[in-house]
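Novice: I'm passing along final.tsv; it holds TSV, C-alpha atoms and all ligand atoms.
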```tsv
chain	number	residue	atom	x	y	z
A	1	MET	CA	-62.96	78.00	-28.26
A	2	TYR	CA	-62.54	75.16	-30.80
A	3	MET	CA	-61.57	77.62	-33.55
A	4	ARG	CA	-58.80	78.93	-31.33
A	5	TYR	CA	-57.65	75.38	-30.54
A	6	PHE	CA	-57.56	74.38	-34.21
A	7	SER	CA	-55.77	77.53	-35.27
A	8	ARG	CA	-53.13	76.77	-32.64
A	9	VAL	CA	-52.75	73.21	-33.91
A	10	LEU	CA	-52.47	74.50	-37.47
A	11	SER	CA	-49.93	77.14	-36.54
A	12	ALA	CA	-47.89	74.52	-34.68
A	13	MET	CA	-47.88	72.38	-37.83
A	14	ALA	CA	-46.87	75.34	-39.94
A	15	GLY	CA	-43.54	75.87	-38.20
A	16	PRO	CA	-41.77	76.93	-35.02
A	17	ARG	CA	-43.53	79.13	-32.48
A	18	PRO	CA	-42.67	82.81	-32.65
A	19	VAL	CA	-41.16	84.54	-29.62
A	20	VAL	CA	-42.33	87.81	-28.14
A	21	LEU	CA	-39.66	89.76	-26.23
A	22	SER	CA	-41.06	92.62	-24.22
A	23	GLY	CA	-39.98	94.77	-21.31
A	24	PRO	CA	-38.96	98.34	-20.55
A	25	SER	CA	-36.90	100.35	-22.97
A	26	GLY	CA	-33.27	99.81	-21.91
A	27	ALA	CA	-33.89	96.41	-20.27
A	28	GLY	CA	-31.60	94.76	-22.83
A	29	LYS	CA	-33.98	93.20	-25.39
A	30	SER	CA	-31.94	94.20	-28.46
A	31	THR	CA	-28.67	93.18	-26.80
A	32	LEU	CA	-30.05	89.76	-25.89
A	33	LEU	CA	-31.69	89.07	-29.21
A	34	LYS	CA	-28.58	90.12	-31.18
A	35	LYS	CA	-26.45	87.81	-29.03
A	36	LEU	CA	-28.93	84.96	-29.60
A	37	MET	CA	-29.03	85.48	-33.36
A	38	LYS	CA	-25.24	85.60	-33.52
A	39	GLU	CA	-24.88	82.35	-31.60
A	40	TYR	CA	-27.54	80.51	-33.59
A	41	ASP	CA	-27.07	81.02	-37.27
A	42	SER	CA	-30.18	80.27	-39.39
A	43	VAL	CA	-32.48	79.55	-36.45
A	44	PHE	CA	-33.99	82.94	-35.66
A	45	GLY	CA	-35.37	85.72	-37.82
A	46	PHE	CA	-36.21	89.20	-36.57
A	47	SER	CA	-39.64	90.64	-37.26
A	48	VAL	CA	-38.69	94.07	-38.63
A	49	SER	CA	-41.21	96.54	-37.25
A	50	HIS	CA	-42.29	99.85	-38.73
A	51	THR	CA	-41.71	103.01	-36.74
A	52	THR	CA	-42.10	106.75	-37.14
A	53	ARG	CA	-39.16	107.52	-34.84
A	54	ASN	CA	-35.87	108.75	-36.30
A	55	PRO	CA	-33.10	106.20	-36.91
A	56	ARG	CA	-30.25	106.17	-34.37
A	57	PRO	CA	-26.65	106.20	-35.59
A	58	GLY	CA	-25.85	102.74	-36.88
A	59	GLU	CA	-29.46	101.64	-37.36
A	60	VAL	CA	-30.22	100.34	-40.84
A	61	ASN	CA	-33.54	100.89	-42.58
A	62	GLY	CA	-35.16	97.53	-43.34
A	63	LYS	CA	-32.94	95.71	-40.85
A	64	ASP	CA	-33.53	97.33	-37.46
A	65	TYR	CA	-36.81	98.98	-38.44
A	66	HIS	CA	-38.68	100.19	-41.47
A	67	PHE	CA	-38.43	103.92	-40.80
A	68	VAL	CA	-41.57	105.54	-42.17
A	69	THR	CA	-43.64	108.70	-41.93
A	70	ARG	CA	-46.78	108.86	-39.80
A	71	GLU	CA	-48.83	109.19	-43.03
A	72	ALA	CA	-47.31	106.03	-44.56
A	73	MET	CA	-47.87	104.12	-41.35
A	74	GLN	CA	-51.48	105.27	-41.06
A	75	THR	CA	-52.17	104.24	-44.66
A	76	GLY	CA	-50.67	100.81	-43.96
A	77	ILE	CA	-52.86	100.40	-40.88
A	78	GLU	CA	-55.98	101.43	-42.81
A	79	ASN	CA	-55.08	98.90	-45.52
A	80	GLY	CA	-54.95	96.13	-42.89
A	81	ASP	CA	-51.21	95.53	-43.34
A	82	PHE	CA	-50.51	95.38	-39.59
A	83	ILE	CA	-51.03	92.63	-37.00
A	84	GLU	CA	-50.68	95.20	-34.23
A	85	HIS	CA	-49.58	98.78	-33.72
A	86	ALA	CA	-49.07	101.14	-30.81
A	87	GLU	CA	-48.01	104.64	-29.81
A	88	PHE	CA	-44.90	104.64	-27.61
A	89	SER	CA	-43.09	107.70	-26.30
A	90	GLY	CA	-44.58	109.94	-28.99
A	91	ASN	CA	-43.93	107.63	-31.94
A	92	MET	CA	-45.85	104.91	-33.75
A	93	TYR	CA	-44.60	101.33	-33.87
A	94	GLY	CA	-46.17	98.31	-35.53
A	95	THR	CA	-45.69	94.74	-36.69
A	96	SER	CA	-46.74	94.19	-40.29
A	97	LYS	CA	-48.14	90.86	-41.44
A	98	ALA	CA	-45.31	90.76	-44.00
A	99	ALA	CA	-42.63	91.14	-41.29
A	100	VAL	CA	-43.77	87.93	-39.60
A	101	GLN	CA	-44.57	86.07	-42.83
A	102	ASP	CA	-41.10	86.79	-44.26
A	103	VAL	CA	-39.48	85.02	-41.29
A	104	GLN	CA	-41.99	82.17	-41.09
A	105	ALA	CA	-41.60	81.46	-44.82
A	106	LYS	CA	-37.97	80.56	-44.06
A	107	ASN	CA	-39.09	78.22	-41.26
A	108	LEU	CA	-37.21	80.31	-38.68
A	109	ILE	CA	-38.24	81.27	-35.14
A	110	CYS	CA	-39.72	84.73	-35.55
A	111	ILE	CA	-38.68	87.18	-32.80
A	112	LEU	CA	-40.92	90.16	-32.08
A	113	ASP	CA	-39.52	92.99	-29.93
A	114	ILE	CA	-42.70	94.82	-28.89
A	115	ASP	CA	-44.06	96.94	-26.04
A	116	MET	CA	-46.79	96.02	-23.55
A	117	GLN	CA	-49.62	97.32	-25.77
A	118	GLY	CA	-48.25	95.08	-28.52
A	119	VAL	CA	-48.26	92.10	-26.17
A	120	ARG	CA	-51.94	92.69	-25.38
A	121	SER	CA	-52.83	92.96	-29.09
A	122	ILE	CA	-50.81	89.86	-30.05
A	123	LYS	CA	-52.69	87.92	-27.36
A	124	ARG	CA	-55.85	88.57	-29.37
A	125	ALA	CA	-54.23	87.44	-32.65
A	126	ASP	CA	-53.55	83.90	-33.86
A	127	LEU	CA	-49.77	83.89	-33.56
A	128	ASN	CA	-49.45	81.65	-30.48
A	129	PRO	CA	-45.99	82.86	-29.47
A	130	ILE	CA	-43.87	82.23	-26.39
A	131	TYR	CA	-44.12	85.42	-24.28
A	132	ILE	CA	-40.89	86.50	-22.57
A	133	SER	CA	-40.47	89.58	-20.43
A	134	ILE	CA	-36.98	91.07	-20.07
A	135	GLN	CA	-36.72	93.15	-16.92
A	136	PRO	CA	-33.90	95.31	-15.52
A	137	PRO	CA	-32.61	94.55	-12.00
A	138	SER	CA	-33.94	97.93	-10.77
A	139	MET	CA	-35.12	101.36	-11.93
A	140	GLU	CA	-31.72	102.80	-10.94
A	141	VAL	CA	-29.80	100.34	-13.12
A	142	LEU	CA	-32.25	100.92	-15.97
A	143	GLU	CA	-31.74	104.68	-15.82
A	144	HIS	CA	-27.94	104.22	-15.83
A	145	ARG	CA	-28.07	101.91	-18.84
A	146	LEU	CA	-30.38	104.23	-20.76
A	147	ARG	CA	-28.18	107.26	-20.00
A	148	ASP	CA	-25.01	105.33	-20.92
A	149	ARG	CA	-26.57	104.25	-24.22
A	150	LYS	CA	-26.68	107.94	-25.17
A	151	THR	CA	-29.53	107.53	-27.63
A	152	GLU	CA	-32.20	109.61	-25.91
A	153	SER	CA	-32.84	113.27	-25.23
A	154	GLU	CA	-33.71	114.11	-21.60
A	155	GLU	CA	-37.39	114.34	-22.60
A	156	SER	CA	-37.39	110.98	-24.36
A	157	LEU	CA	-35.48	109.44	-21.43
A	158	GLN	CA	-38.09	110.64	-18.93
A	159	LYS	CA	-40.92	109.27	-21.10
A	160	ARG	CA	-39.16	105.89	-21.27
A	161	LEU	CA	-38.58	105.80	-17.51
A	162	HIS	CA	-42.23	106.60	-16.88
A	163	ALA	CA	-43.33	103.82	-19.27
A	164	ALA	CA	-40.80	101.50	-17.60
A	165	ARG	CA	-42.38	101.93	-14.16
A	166	VAL	CA	-45.77	100.99	-15.60
A	167	ASP	CA	-44.25	98.08	-17.55
A	168	MET	CA	-42.47	96.67	-14.49
A	169	GLU	CA	-45.75	96.67	-12.54
A	170	ILE	CA	-47.84	95.10	-15.33
A	171	SER	CA	-45.26	92.39	-16.06
A	172	LYS	CA	-45.95	90.91	-12.60
A	173	GLU	CA	-49.50	90.11	-13.75
A	174	GLN	CA	-50.03	86.35	-13.54
A	175	GLY	CA	-50.30	84.59	-16.89
A	176	LEU	CA	-49.23	87.53	-19.03
A	177	PHE	CA	-45.73	86.14	-19.71
A	178	ASP	CA	-44.50	82.56	-19.88
A	179	THR	CA	-41.16	83.65	-18.41
A	180	VAL	CA	-39.73	86.77	-16.79
A	181	ILE	CA	-35.95	87.14	-17.13
A	182	VAL	CA	-34.10	89.71	-15.02
A	183	ASN	CA	-31.19	90.99	-17.10
A	184	ASP	CA	-28.58	91.64	-14.40
A	185	SER	CA	-25.60	89.63	-15.66
A	186	LEU	CA	-25.85	89.48	-19.46
A	187	GLU	CA	-24.36	85.97	-19.56
A	188	GLU	CA	-26.91	84.65	-17.07
A	189	ALA	CA	-29.84	86.30	-18.82
A	190	HIS	CA	-28.62	84.92	-22.14
A	191	GLY	CA	-28.38	81.44	-20.61
A	192	GLN	CA	-31.92	81.66	-19.27
A	193	LEU	CA	-33.25	82.84	-22.62
A	194	LYS	CA	-31.58	79.92	-24.40
A	195	ALA	CA	-32.98	77.47	-21.86
A	196	VAL	CA	-36.55	78.71	-22.42
A	197	LEU	CA	-36.15	78.45	-26.19
A	198	LEU	CA	-34.22	75.18	-26.30
A	199	GLU	CA	-37.14	73.02	-27.45
A	200	GLU	CA	-38.01	75.34	-30.37
A	201	ILE	CA	-34.32	75.75	-31.31
A	202	GLN	CA	-33.90	71.97	-31.51
A	203	LYS	CA	-37.06	71.62	-33.60
A	204	VAL	CA	-35.80	74.17	-36.15
A	205	LYS	CA	-32.34	72.61	-36.30
A	206	LYS	CA	-33.86	69.17	-36.89
A	207	THR	CA	-36.28	70.24	-39.66
A	208	ASN	CA	-33.76	72.45	-41.40
A	209	MET	CA	-31.13	69.71	-41.36
A	210	SER	CA	-33.45	67.20	-42.95
A	211	SER	CA	-34.71	69.58	-45.67
B	301	LIG	N1	-46.25	97.44	-30.12
B	301	LIG	C1	-45.05	97.50	-30.70
B	301	LIG	N2	-43.99	97.92	-30.02
B	301	LIG	C2	-42.80	97.95	-30.65
B	301	LIG	C3	-42.63	97.55	-31.99
B	301	LIG	N3	-41.32	97.69	-32.32
B	301	LIG	C4	-40.70	98.14	-31.22
B	301	LIG	N4	-41.58	98.31	-30.21
B	301	LIG	C5	-41.32	98.75	-28.83
B	301	LIG	O1	-41.19	100.15	-28.82
B	301	LIG	C6	-40.40	100.53	-27.71
B	301	LIG	C7	-39.37	101.55	-28.14
B	301	LIG	O2	-38.48	100.97	-29.04
B	301	LIG	P1	-37.18	101.77	-29.53
B	301	LIG	O3	-37.58	103.13	-29.97
B	301	LIG	O4	-36.45	100.93	-30.51
B	301	LIG	O5	-36.35	102.00	-28.20
B	301	LIG	P2	-35.56	101.02	-27.22
B	301	LIG	O6	-36.49	99.92	-26.82
B	301	LIG	O7	-35.21	101.91	-26.10
B	301	LIG	O8	-34.37	100.52	-27.96
B	301	LIG	C8	-39.81	99.24	-27.14
B	301	LIG	O9	-40.55	98.89	-25.99
B	301	LIG	C9	-40.03	98.23	-28.24
B	301	LIG	O10	-40.22	96.93	-27.71
B	301	LIG	C10	-43.79	97.10	-32.69
B	301	LIG	O11	-43.76	96.73	-33.85
B	301	LIG	N5	-44.96	97.09	-32.00
B	302	LIG	N1	-26.70	92.79	-18.64
B	302	LIG	C1	-26.28	94.00	-18.97
B	302	LIG	N2	-25.35	94.61	-18.22
B	302	LIG	C2	-24.92	95.87	-18.53
B	302	LIG	N3	-25.36	96.59	-19.58
B	302	LIG	C3	-26.30	96.02	-20.37
B	302	LIG	C4	-26.80	94.71	-20.11
B	302	LIG	N4	-27.73	94.42	-21.06
B	302	LIG	C5	-27.79	95.50	-21.87
B	302	LIG	N5	-26.94	96.46	-21.48
B	302	LIG	C6	-26.76	97.80	-22.07
B	302	LIG	O1	-27.90	98.56	-21.70
B	302	LIG	C7	-28.33	99.40	-22.78
B	302	LIG	C8	-29.79	99.07	-23.12
B	302	LIG	O2	-29.84	97.80	-23.76
B	302	LIG	P1	-30.71	97.56	-25.08
B	302	LIG	O3	-30.39	96.19	-25.57
B	302	LIG	O4	-30.53	98.69	-26.03
B	302	LIG	O5	-32.18	97.61	-24.45
B	302	LIG	P2	-33.63	97.54	-25.12
B	302	LIG	O6	-33.47	96.93	-26.49
B	302	LIG	O7	-34.44	96.70	-24.21
B	302	LIG	O8	-34.11	98.96	-25.17
B	302	LIG	C9	-27.36	99.18	-23.92
B	302	LIG	O9	-26.41	100.22	-23.93
B	302	LIG	C10	-26.72	97.82	-23.60
B	302	LIG	O10	-25.40	97.75	-24.09
```
With the file now loaded, output its structure as structure tokens.

Specialist:
Amino acid sequence: MYMRYFSRVLSAMAGPRPVVLSGPSGAGKSTLLKKLMKEYDSVFGFSVSHTTRNPRPGEVNGKDYHFVTREAMQTGIENGDFIEHAEFSGNMYGTSKAAVQDVQAKNLICILDIDMQGVRSIKRADLNPIYISIQPPSMEVLEHRLRDRKTESEESLQKRLHAARVDMEISKEQGLFDTVIVNDSLEEAHGQLKAVLLEEIQKVKKTNMSS
């Protein structure tokens, strides 16, 4: 109990609180976080996850993800390099300690884009983030957006839709997320996200201006 309290106090002293963005595949997490990072220069840093899935056209290794083999990922996990990891839609994903440390060393707000299993694991870690769930307006809209994105095969799409139904149910659980944002109008969702993060954004701006 006290250990947890002190570690939270220490992590608060160490820098801004990280932010966990979670929610179904296709809900708009990447779109929202890219818009946020574009608007606020030198405030946010993305925690670059590892994954065993193939890169999509336009994705850059080391920027969007560290694209690795299952063997490399398993070795990293065995070596204790990861804060959390999960299997999603037939691929492995994970947040390395280095991914978060790299951002925190720059005194930036670290953004983690992770699935529900990741959220549960991070809750057991000492990161003390702000938990935000990004939800689509409906399953129908989600399916349209995922199809329009044209990144998934029919099989992968069905797996994502199945996971989305589960995700949308779990995200209603009391106390799991600090805020749930429904991404209907992008501008409105972006405004809500900024409002939730305002305090942390101001803290970073203030410290980085005076350093
Ligand atoms: N647990 C965990 N989930 C991750 C991580 N990185 C990405 N994810 C999640 O994996 C899921 C699939 O991500 P991705 O393949 O990029 O597809 P997209 O969400 O449809 O763009 C999403 O729910 C992400 O939030 C990670 O490091 N850990
Ligand atoms: N508010 C919105 N209205 C319409 N389309 C959106 C909106 N937000 C995101 N999209 C589109 O929906 C698709 C899924 O968004 P994306 O950011 O890739 O989701 P996620 O990162 O959660 O998987 C993308 O093609 C994106 O351009």

Novice: Just want the 7 Å neighbourhood of range 93-109 of chain A, counted on all atoms listed in the file, with same-chain residues fewer than 2 positions away dropped. Output as a list of chain:residue names.

Specialist: A:Gly15, A:Pro16, A:Arg17, A:Pro18, A:Val43, A:Phe44, A:Gly45, A:Ser47, A:Val48, A:Ser49, A:His50, A:Thr51, A:Thr52, A:Asp81, A:Phe82, A:Ile83, A:Glu84, A:His85, A:Ala86, A:Glu87, A:Asn91, A:Ile111, A:Val204

Novice: Measure the distance from CA of Asn183 in chain A to atom N5 of ligand LIG 302 (chain B) in Å and round it to one decimal.

Specialist: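 Interatomic distance, CA of Asn183 in chain A to atom N5 of ligand LIG 302 (chain B): 8.2 Å.
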
Novice: Quick one: residues within 10 Å of Arg53 in chain A, only C-alpha atoms counted, chain neighbours fewer than 2 positions away excluded, as number ranges by chain?

Specialist: A: 50-51, 55-56, 65-70, 88-93

Novice: Within 12 Å of ligand LIG 302 (chain B) (counting all atoms listed in the file), which residues show up? I'd like them as number ranges by chain.

Specialist: A: 21-35, 56, 59, 64, 112-115, 133-138, 141-152, 157, 160-161, 163-164, 167, 181-191

Novice: Separation of CA of Leu197 in chain A and CA of Asn61 in chain A, in Å?

Specialist: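 Calculated distance between CA of Leu197 in chain A and CA of Asn61 in chain A is 27.9 Å.
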
Novice: Just checking: using all atoms listed in the file, which residue out of A:Asp41, A:Gly76, A:Arg120, A:Leu36 ends up closest to ligand LIG 301 (chain B)?

Specialist: A:Arg120

Novice: What does the structure give for the distance between CA of Ile130 in chain A and CA of Thr179 in chain A, in Å to one decimal?

Specialist: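 One can read the CA of Ile130 in chain A to CA of Thr179 in chain A distance as 8.5 Å.
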
Novice: If I wrap all listed atoms of ligand LIG 301 (chain B) in a box with edges along x, y and z and add 6 Å on each side, what are its centre and edge lengths in Å to one decimal, as lines of an AutoDock Vina configuration file?

Specialist:
```
center_x = -40.3
center_y = 99.9
center_z = -29.9
size_x = 23.9
size_y = 18.4
size_z = 19.9
```
